[in-house]
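Note: the block below is coords35.txt and it holds compact mmCIF, C-alpha atoms.
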```txt
# COMPACT_ATOMS: atom_id res chain seq x y z
CA MET A 94 232.95 187.75 139.57
CA ALA A 95 235.19 190.24 137.74
CA MET A 96 234.49 191.23 134.15
CA ASP A 97 237.36 191.03 131.66
CA ARG A 98 236.49 192.40 128.23
CA ALA A 99 239.35 190.47 126.68
CA MET A 100 238.05 187.12 127.94
CA PRO A 101 237.22 184.51 125.32
CA ILE A 102 233.48 184.06 124.90
CA LEU A 103 231.87 181.06 123.20
CA ILE A 104 228.55 181.71 121.48
CA VAL A 105 226.44 178.71 120.47
CA ASP A 106 223.51 178.79 118.04
CA ASP A 107 222.44 176.73 115.03
CA TYR A 108 221.29 179.90 113.17
CA LYS A 109 224.32 181.55 111.62
CA THR A 110 222.39 184.83 111.48
CA MET A 111 221.93 184.75 115.23
CA LEU A 112 225.64 184.04 115.76
CA ARG A 113 226.43 187.12 113.70
CA ILE A 114 223.95 189.25 115.64
CA ILE A 115 225.27 188.17 119.05
CA ARG A 116 228.86 188.58 117.91
CA ASN A 117 228.16 192.12 116.65
CA LEU A 118 226.25 193.16 119.77
CA LEU A 119 229.08 191.82 121.94
CA LYS A 120 231.50 193.80 119.82
CA GLN A 121 229.51 196.96 120.49
CA LEU A 122 229.80 196.20 124.20
CA GLY A 123 233.57 195.84 123.87
CA PHE A 124 233.90 192.05 123.67
CA GLU A 125 235.80 191.03 120.56
CA ASN A 126 237.34 187.70 121.57
CA VAL A 127 234.42 185.60 120.43
CA ASP A 128 234.33 182.03 119.10
CA GLU A 129 231.32 180.21 117.64
CA ALA A 130 229.76 176.73 117.73
CA THR A 131 226.60 175.56 116.00
CA ASP A 132 225.41 172.96 118.53
CA GLY A 133 226.06 171.64 122.02
CA SER A 134 228.51 168.89 121.09
CA MET A 135 230.67 171.25 119.03
CA ALA A 136 230.60 173.72 121.92
CA LEU A 137 231.66 171.04 124.38
CA THR A 138 234.63 170.15 122.19
CA ARG A 139 235.64 173.84 122.02
CA LEU A 140 235.23 174.24 125.78
CA ARG A 141 237.57 171.30 126.42
CA GLU A 142 240.18 172.73 124.06
CA LYS A 143 240.24 176.32 125.35
CA ASN A 144 239.42 178.21 128.54
CA TYR A 145 236.37 180.41 128.02
CA GLY A 146 235.22 183.12 130.39
CA LEU A 147 231.58 182.86 129.28
CA VAL A 148 229.24 180.64 127.27
CA ILE A 149 226.19 182.21 125.58
CA SER A 150 224.03 179.43 124.17
CA ASP A 151 220.77 178.84 122.36
CA TRP A 152 218.52 176.07 123.69
CA ASN A 153 216.93 174.45 120.64
CA MET A 154 219.74 172.78 118.67
CA GLU A 155 220.58 169.36 117.33
CA PRO A 156 222.09 166.92 118.11
CA MET A 157 222.97 168.36 121.53
CA THR A 158 220.63 171.03 122.92
CA GLY A 159 221.62 174.01 125.04
CA ILE A 160 220.25 172.49 128.24
CA GLU A 161 222.21 169.28 127.60
CA LEU A 162 225.33 171.36 127.02
CA LEU A 163 224.70 173.21 130.28
CA ARG A 164 224.36 169.92 132.19
CA GLU A 165 227.57 168.61 130.60
CA VAL A 166 229.39 171.79 131.56
CA ARG A 167 228.16 171.68 135.15
CA ALA A 168 229.06 167.97 135.42
CA ASP A 169 232.60 168.53 134.19
CA ALA A 170 235.05 169.30 137.01
CA LYS A 171 237.12 171.63 134.83
CA LEU A 172 234.22 173.47 133.21
CA LYS A 173 231.63 173.62 135.97
CA GLY A 174 232.54 177.17 137.04
CA THR A 175 232.13 178.68 133.56
CA PRO A 176 229.40 181.35 133.50
CA PHE A 177 226.57 180.30 131.21
CA ILE A 178 223.85 182.49 129.72
CA MET A 179 220.98 180.96 127.76
CA ILE A 180 219.57 183.03 124.87
CA THR A 181 216.49 181.28 123.53
CA ALA A 182 212.99 181.55 122.09
CA GLU A 183 211.86 178.95 124.68
CA SER A 184 209.94 181.28 126.96
CA LYS A 185 207.85 178.95 129.11
CA THR A 186 208.17 179.06 132.87
CA GLU A 187 209.20 175.39 132.99
CA ASN A 188 212.10 176.12 130.63
CA VAL A 189 213.44 178.86 132.86
CA ILE A 190 213.05 176.66 135.94
CA ALA A 191 214.78 173.71 134.23
CA ALA A 192 217.65 175.94 133.11
CA LYS A 193 218.03 177.41 136.58
CA LYS A 194 218.03 173.95 138.15
CA ALA A 195 220.70 172.90 135.64
CA GLY A 196 222.85 175.82 136.78
CA VAL A 197 222.33 178.62 134.27
CA ASN A 198 223.60 182.03 135.37
CA ASN A 199 221.11 184.05 133.36
CA TYR A 200 218.36 183.64 130.78
CA ILE A 201 217.54 185.91 127.81
CA VAL A 202 214.42 185.44 125.69
CA LYS A 203 214.60 186.06 121.94
CA PRO A 204 214.07 188.52 120.40
CA PHE A 205 216.38 190.53 122.62
CA ASN A 206 218.23 193.83 122.36
CA ALA A 207 221.68 195.10 123.22
CA ALA A 208 220.47 196.69 126.46
CA THR A 209 219.11 193.33 127.69
CA LEU A 210 222.35 191.55 126.79
CA GLU A 211 224.35 194.25 128.59
CA SER A 212 222.20 194.08 131.71
CA LYS A 213 222.43 190.27 131.89
CA LEU A 214 226.21 190.40 131.49
CA ALA A 215 226.29 192.94 134.29
CA ALA A 216 224.14 190.66 136.43
CA VAL A 217 226.56 187.77 135.91
CA PHE A 218 229.84 189.65 136.16
CA GLY A 219 229.03 192.90 137.91
CA SER A 220 229.17 196.22 136.03
CA VAL A 221 230.04 195.80 132.33
CA MET B 109 121.82 132.48 91.41
CA PRO B 110 119.61 135.57 91.41
CA ALA B 111 121.45 138.83 91.01
CA PHE B 112 120.43 140.23 94.43
CA ALA B 113 121.66 137.08 96.30
CA ALA B 114 125.10 137.39 94.70
CA ASP B 115 125.18 141.07 95.69
CA ASP B 116 124.42 140.21 99.33
CA ALA B 117 127.23 137.67 99.50
CA LEU B 118 129.66 140.09 97.93
CA THR B 119 128.62 142.87 100.27
CA PHE B 120 129.09 140.54 103.26
CA ARG B 121 132.62 139.62 102.15
CA ILE B 122 133.57 143.24 101.51
CA ASN B 123 132.30 144.26 104.94
CA GLN B 124 134.19 141.37 106.53
CA ALA B 125 137.38 142.42 104.75
CA ARG B 126 136.88 146.04 105.87
CA ALA B 127 136.43 144.92 109.46
CA GLU B 128 139.64 142.87 109.31
CA LEU B 129 141.55 145.79 107.85
CA ALA B 130 140.27 148.17 110.50
CA GLU B 131 141.31 145.85 113.30
CA PRO B 132 145.02 146.45 114.17
CA VAL B 133 147.36 143.48 114.20
CA THR B 134 148.39 142.72 117.76
CA ARG B 135 151.96 142.40 118.92
CA GLU B 136 151.30 138.76 119.84
CA GLU B 137 150.13 138.02 116.29
CA VAL B 138 153.26 139.65 114.80
CA GLN B 139 155.44 137.70 117.24
CA ALA B 140 153.67 134.47 116.30
CA VAL B 141 154.21 135.12 112.58
CA LEU B 142 157.89 135.94 113.19
CA GLU B 143 158.41 132.82 115.28
CA GLU B 144 156.78 130.79 112.58
CA VAL B 145 159.03 132.31 109.91
CA LEU B 146 162.12 131.87 112.08
CA GLY B 147 161.14 128.31 112.73
CA THR B 148 161.35 127.57 109.04
CA LEU B 149 164.98 128.89 108.87
CA GLU B 150 167.71 126.29 108.80
CA GLY B 151 170.81 126.23 111.01
CA ASP B 152 171.37 128.16 114.22
CA ILE B 153 170.27 131.64 113.10
CA THR B 154 168.39 133.36 115.88
CA ALA B 155 166.45 136.61 116.01
CA LEU B 156 169.45 138.18 117.71
CA ASP B 157 171.70 137.06 114.84
CA LEU B 158 169.38 138.62 112.31
CA LYS B 159 169.29 141.85 114.24
CA LEU B 160 173.08 141.82 114.37
CA TYR B 161 173.34 141.18 110.62
CA ARG B 162 170.98 144.05 109.94
CA GLU B 163 173.05 146.37 112.12
CA LEU B 164 176.25 145.23 110.41
CA GLU B 165 174.73 145.74 107.01
CA GLY B 166 173.67 149.26 107.98
CA LEU B 167 177.14 149.95 109.34
CA ALA B 168 178.78 148.68 106.15
CA ARG B 169 176.54 150.93 104.07
CA TYR B 170 177.42 153.88 106.33
CA ILE B 171 181.17 153.18 106.03
CA GLN B 172 180.92 152.83 102.26
CA THR B 173 179.10 156.17 102.00
CA ALA B 174 181.69 157.82 104.26
CA LYS B 175 184.52 156.34 102.17
CA GLU B 176 182.97 157.68 98.98
CA GLU B 177 182.48 161.12 100.52
CA ILE B 178 186.06 161.22 101.81
CA ALA B 179 187.38 160.00 98.45
CA ALA B 180 185.43 162.84 96.79
CA LEU B 181 187.47 165.26 98.90
CA GLN B 182 190.56 163.90 97.11
CA PRO B 183 192.81 163.30 100.15
CA GLN B 184 195.56 162.06 97.83
CA GLU B 185 195.69 165.48 96.20
CA ILE B 186 195.79 167.12 99.63
CA SER B 187 198.79 165.06 100.74
CA GLN B 188 200.64 164.87 97.42
CA THR B 189 200.05 168.39 96.15
CA HIS B 190 198.68 170.94 98.63
CA LEU B 191 200.60 169.90 101.75
CA VAL B 192 203.85 169.30 99.88
CA THR B 193 203.51 172.69 98.18
CA ALA B 194 202.76 174.38 101.51
CA THR B 195 205.84 172.92 103.23
CA ASP B 196 208.07 173.72 100.23
CA GLU B 197 206.77 177.29 100.13
CA LEU B 198 207.43 177.73 103.85
CA ASP B 199 210.94 176.30 103.48
CA ALA B 200 211.47 178.81 100.67
CA VAL B 201 210.29 181.65 102.97
CA VAL B 202 212.87 180.62 105.59
CA GLY B 203 215.59 180.38 102.94
CA ALA B 204 214.73 183.74 101.38
CA THR B 205 214.55 185.63 104.70
CA GLU B 206 217.81 184.03 105.82
CA GLU B 207 219.49 185.14 102.62
CA ALA B 208 218.06 188.66 102.85
CA THR B 209 219.05 188.94 106.52
CA GLY B 210 222.56 187.86 105.58
CA GLU B 211 222.70 190.63 103.00
CA ILE B 212 221.46 193.20 105.53
CA LEU B 213 224.04 192.07 108.08
CA ASP B 214 226.80 192.26 105.45
CA ALA B 215 225.83 195.87 104.74
CA VAL B 216 225.55 196.84 108.40
CA GLU B 217 228.88 195.25 109.29
CA ARG B 218 230.42 197.26 106.45
CA ILE B 219 228.81 200.47 107.80
CA GLN B 220 230.10 199.55 111.26
CA THR B 221 233.64 199.19 109.91
CA LEU B 222 233.37 202.45 107.99
CA SER B 223 232.07 204.27 111.07
CA GLU B 224 235.24 203.31 112.96
CA GLY B 225 237.15 205.62 110.59
CA ILE B 226 234.96 208.66 111.33
CA SER B 227 236.71 211.26 113.46
CA ASP B 228 233.50 212.97 114.57
CA ASP B 229 232.69 211.10 117.80
CA ASP B 230 229.11 212.33 117.88
CA LEU B 231 228.39 211.13 114.35
CA GLN B 232 230.21 207.86 114.99
CA GLY B 233 228.11 207.28 118.11
CA LYS B 234 224.91 207.92 116.20
CA LEU B 235 225.92 205.50 113.45
CA VAL B 236 226.78 202.82 116.02
CA ASP B 237 223.38 203.28 117.70
CA GLN B 238 221.65 202.78 114.35
CA THR B 239 223.69 199.68 113.46
CA ILE B 240 222.78 198.19 116.86
CA ARG B 241 219.11 198.79 116.03
CA VAL B 242 219.52 196.92 112.76
CA PHE B 243 221.27 194.00 114.49
CA GLU B 244 218.47 193.84 117.05
CA ALA B 245 215.81 193.95 114.35
CA CYS B 246 217.45 191.04 112.53
CA ASN B 247 216.47 188.83 115.48
CA PHE B 248 213.23 188.36 113.55
CA GLN B 249 214.86 185.87 111.19
CA ASP B 250 215.59 183.37 113.95
CA ILE B 251 212.15 183.74 115.52
CA THR B 252 210.18 183.51 112.26
CA GLY B 253 212.37 180.60 111.17
CA GLN B 254 211.54 178.69 114.34
CA ARG B 255 207.84 179.52 114.08
CA ILE B 256 207.69 178.40 110.46
CA SER B 257 209.56 175.20 111.35
CA LYS B 258 206.82 174.45 113.88
CA VAL B 259 204.14 174.95 111.20
CA VAL B 260 206.07 172.71 108.76
CA LYS B 261 206.25 170.02 111.45
CA ALA B 262 202.47 170.26 111.99
CA LEU B 263 201.83 170.04 108.23
CA LYS B 264 204.05 166.96 107.96
CA HIS B 265 202.07 165.34 110.75
CA ILE B 266 198.82 166.07 108.90
CA GLU B 267 200.37 164.73 105.69
CA HIS B 268 201.23 161.49 107.46
CA LYS B 269 197.67 161.15 108.75
CA VAL B 270 196.16 161.90 105.33
CA ASN B 271 198.49 159.34 103.72
CA SER B 272 197.25 156.74 106.21
CA LEU B 273 193.68 157.64 105.26
CA VAL B 274 194.52 157.34 101.55
CA ALA B 275 196.05 153.90 102.17
CA VAL B 276 192.84 152.76 103.87
CA LEU B 277 190.62 154.18 101.14
CA GLY B 278 192.85 152.99 98.27
CA GLU B 279 190.29 151.85 95.70
CA GLU B 280 187.78 154.69 96.16
CA VAL B 281 190.52 157.34 95.95
CA ALA B 282 192.00 155.82 92.77
CA ARG B 283 188.56 155.74 91.14
CA THR B 284 187.84 159.38 92.10
CA LYS B 285 191.28 160.47 90.91
CA ALA B 286 190.82 158.83 87.50
CA GLN B 287 187.40 160.47 87.06
CA ASP B 288 188.79 163.83 88.11
CA ALA B 289 191.79 163.63 85.77
CA GLU B 290 189.47 162.90 82.88
CA ALA B 291 187.24 165.84 83.78
CA GLN B 292 190.17 168.24 84.07
CA ARG B 293 191.72 167.44 80.70
CA GLY B 294 191.34 170.58 78.63
CA PRO B 295 192.99 172.27 75.66
CA LEU B 296 194.47 175.33 77.45
CA PRO B 297 195.09 176.40 81.06
CA SER B 298 192.43 178.76 82.42
CA ASP B 299 193.27 182.20 83.81
CA GLU B 300 192.86 180.71 87.27
CA ASP B 301 195.38 177.98 86.45
CA LEU B 302 197.90 180.71 85.65
CA LEU B 303 197.65 182.38 89.06
CA ASN B 304 200.30 180.54 91.05
CA GLY B 305 202.26 183.34 92.74
CA PRO B 306 206.03 183.22 93.16
CA GLN B 307 207.63 179.93 92.16
CA LEU B 308 210.02 177.90 94.26
CA PRO B 309 213.62 178.38 93.06
CA SER B 310 213.68 174.79 91.77
CA ASP B 311 210.51 175.34 89.67
CA ALA B 312 211.15 178.87 88.44
CA ILE B 313 212.68 179.69 85.09
CA SER B 314 215.40 182.35 84.91
CA GLN B 315 215.13 185.77 83.26
CA ASP B 316 217.47 184.47 80.51
CA GLU B 317 215.12 181.57 79.84
CA ILE B 318 212.15 183.95 79.74
CA ASP B 319 213.96 186.21 77.27
CA ARG B 320 214.83 183.19 75.12
CA LEU B 321 211.24 181.98 75.22
CA LEU B 322 209.88 185.39 74.21
CA ALA B 323 212.42 185.64 71.40
CA GLU B 324 211.02 182.43 69.93
CA PHE B 325 207.73 184.29 69.23
CA ASP B 326 209.47 187.03 67.21
```
What would the structure in this file look like if it were written as structure tokens?
Amino acid sequence: MAMDRAMPILIVDDYKTMLRIIRNLLKQLGFENVDEATDGSMALTRLREKNYGLVISDWNMEPMTGIELLREVRADAKLKGTPFIMITAESKTENVIAAKKAGVNNYIVKPFNAATLESKLAAVFGSV
Amino acid sequence: MPAFAADDALTFRINQARAELAEPVTREEVQAVLEEVLGTLEGDITALDLKLYRELEGLARYIQTAKEEIAALQPQEISQTHLVTATDELDAVVGATEEATGEILDAVERIQTLSEGISDDDLQGKLVDQTIRVFEACNFQDITGQRISKVVKALKHIEHKVNSLVAVLGEEVARTKAQDAEAQRGPLPSDEDLLNGPQLPSDAISQDEIDRLLAEFD
């Protein structure tokens, strides 16, 4: 999968602070075309309105969680190929397994750093 | 009757009484007495019923004592004051750290923008590295927020349980509370009463209000 730094990225988190952190770290990695959503249902609406090259989502949100968003994305014929990275504090083995089974491309545990984000992007898209 | 004859009779009776006292009462004799007593009772009360009533009475006494002891712990105060205060304080911690993190991010984003105008690539690179470190460090706000939310959830669960206990104990708690309120009534707050730490924003008075209050003493 080729990496395009100009691709639109959707970041999803109910903590505005975390949205700012992810946005800024992506900016440092050269990704500036970033949109935000504060829960799964808002993200799903955005995804159906615009073509995104990547979704980076938190897990624990209301009313729609990150794993529910992932399942919706994978069940949608138009969206199912969108790369999806989960960034979450949920660090139990069963969470990782559930996310993988639901079709996640990579999984980052909070707190994370720029190097981890960069390496996971590289793992999904090839060299960043 | 001559004096010595009376003494003999008395001595005989005393000895007889001593002998009876020394001889233990047999189980059969006790059973016979009990059966006789039970036989005089009216209705259908049996020995088993009586045993059951005794057990129930003991249980009731035990429950009453437990209720009084629990009421003395003032569960109403725990649920209505301590737990509520704890959850409010934790919510305030989340709010304050979120606000402070926002301020830090504002400043770092500004530094980031300023660094883009620096012509020295080496210095610009070093500044970018440091801003990244600050962004990474600000992760803490999300993690601590989630951890505190878990604690708040646990406290609310305890509060619910304590409220249920208070509802069951009703009368005892009300009595204890009234006695306690009477005991606590005093003319001035003690030094200990004045040690409350930082106030929640909704309870705190502003610096302007403090200045105004102090001015009233002049």
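Compared by their closest atoms to chain B, and using all atoms listed in the file, the residues A:Thr181, A:Ser150, A:Ser134, A:Asn188 rank with A:Thr181 nearest.
With all atoms listed in the file as the atoms that count, the minimum distance from Gly146 (chain A) to the choices A:Tyr200, A:Tyr108, A:Phe218, A:Phe205 is reached by A:Phe218.
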Residue neighbourhood region 181-187 of chain B, 7 Å, all atoms listed in the file, exclusion window fewer than 6 positions, as a list in words: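 Here the answer would be Glu267, Val270, Asn271, Val274 and Val281 of chain B.
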Contact residues around Leu210 (chain A) with all atoms listed in the file at 9 Å, ignoring same-chain residues under 5 positions, as a PyMOL selection string: chain A and resi 115+118-119+201+205+215
Top pick for closest residue to chain A, considering B:Arg255, B:Lys269, B:Arg320, B:Lys261 and counting all atoms listed in the file: B:Arg255
Distance-based interface of chain B with chain A, 7 Å, counting only C-alpha atoms, as a ChimeraX atom specification: /B:210,240,243-244,247-248,250-251
Atom-to-atom span, CA of Leu160 (chain B) and CA of Glu136 (chain B), Å: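 That distance, rounded to one decimal, is 22.7 Å.
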For CA of Ala192 (chain A) and CA of Pro176 (chain A), the interatomic separation in Å (one decimal): 12.9 Å
Distance query Leu140 (chain A) at most 9 Å, only C-alpha atoms, self and fewer than 4 positions along chain excluded, as number ranges by chain: A: 103, 135-136, 144-145, 148, 166, 172
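Using all atoms listed in the file, the contacts of Glu155 (chain A) at a cut-off of 12 Å, with sequence neighbours closer than 2 positions omitted, comprise Val105, Asp106, Asp107, Tyr108, Ala130, Thr131, Asp132, Gly133, Ser134, Met135, Ala136, Asp151, Trp152, Asn153, Met157, Thr158, Gly159, Ile160, Glu161 and Leu162 of chain A.
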Counting only C-alpha atoms, the residue of A:Leu163, A:Ile178, A:Val202, A:Val127 that sits nearest Ile149 (chain A): A:Ile178
Surrounding residues of region 299-314 of chain B excluding itself and chain neighbours under 6 positions, 8 Å, all atoms listed in the file, as a ChimeraX atom specification: /B:196-197,200
